[in-house]
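This report concerns only the one structure given below.
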Amino acid sequence: MPDSSRPIAILGGTGPAGTGIALRWARAGETIILGSRNAQRAQDAASKIKEKAGPQAQISGMENAAACAAADILMLTVPFEGQAGLLKQLKPAVRPGSILIDATVPLAAGVGGRASRTLGVWQGSAAQQAAELVPKGVSVVAAFHNVSADLLNGDDPLDCDIIVCSDDPEAAQLTRSLVIKVPGLRAIDGGKLENARIVEQITALLIGLNIRHKGHAGIRITGLPPTAYR
């Protein structure tokens with residue numbers, strides 16, 4: 001199970017999704033390493049998060065490869081167009097047996113299209129693409145696709161379910177335990193990693209809803225037995 005002695009490296013973590021997850025986990029007592037292509041940028045972002053999270057927050061900033069080498073729980077929060085290149089670059093730095101939590105969504109906006117549409121991915125989903133790119137023995141978990149980055153960066157409790165998909169049950173369980181560290185989030189076992197293609201597409205739907213209704217939509221899954229929610 002995660003604890004404050006086992007750091008989490010958020011790779012490409014200086015964007016809105018990365019800083020939001022870092023803020024929420026830092027408030028929950030996790031030790032966070034924020035990664036960026038530029039170490040100074042990562043350090044500056046970590047300092048700002050620490051100001052919001054409080055003096056007890058354990059958060060630092062490093063260049064992506066250094067952050068990757070310093071942790072065996074990794075979180076990837078980059079646009080789809082940067083996912084493959086970053087994972088190839090970081091492959092030598094990934095520890096054997098690491099867990100990669102991937103929040104990448106293949107939005108068409110990355111190639112000049114609409115943010116409310118997704119691109120076709122040869123492997124089936126961005127998460128499955130990640131699984132092909134990481135070293136052998138690294139477990140990939142798809143999660144955190146459908147929660148608003150704007151709300152993550154705020155102070156209010158959230159109202160969203162996080163669907164967690166992975167072919168590694170232990171990695172999925174650890175990820176679900178991290179999800180529920182954030183007030184207002186519930187974690188649901190979404191099955192195999194191949195189901196990530198459905199979860200990723202929901203993000204595009206939510207973006208369309210947010211554009212039309214000027215909101216910060218999330219999802220709730222209803223009707224399951226209480227044991228399904230964590």
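Note on naming: chains are A, B, ... as they come in the structure tokens, residues start from 1 per chain, ligands start from 1 in the order shown.
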Checklist entry - Gly218 (chain A): which residues within 8 Å, counting only C-alpha atoms, same-chain residues fewer than 6 positions away excluded, as a list of chain:residue names? => result A:Asn146, A:Val147, A:Ser148, A:Asp159, A:Cys160, A:Asp161, A:Leu206
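Near Ile180 (chain A), within 10 Å and counting only C-alpha atoms, sit Trp25, Ala28, Asp161, Ile162, Thr175, Arg176, Ser177, Pro183, Gly184, Leu185, Arg186, Ala187, Tyr229 and Arg230 of chain A, not including residues fewer than 3 positions from it in the same chain.
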Next on the checklist: I'd like the neighbourhood of Gly18 (chain A) as number ranges by chain, where a residue qualifies if any of its atoms comes within 10 Å (using only C-alpha atoms), though same-chain residues fewer than 2 positions away should be ignored.
Outcome noted: A: 10-16, 20-23, 34-35, 75-78, 103, 149, 152-153
Next on the checklist: as a PyMOL selection string, please: every residue in region 18-141 of chain A that a backbone DSSP assignment puts in helix (DSSP H, G or I).
Outcome noted: chain A and resi 18-27+39-53+64-69+80-93+108-111+126-133
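Among the candidate residues A:Gly97, A:Gly223, A:Pro157, A:Pro92, the one lying nearest to Glu170 (chain A) is A:Gly97, with distances computed using only C-alpha atoms.
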Item to check | Shell around Ala196 (chain A) at 12 Å using only C-alpha atoms, local window under 2 positions removed, as an MDAnalysis selection string | outcome: chainID A and resid 101:106 121 123:131 140:146 162:167 189:194 198:203
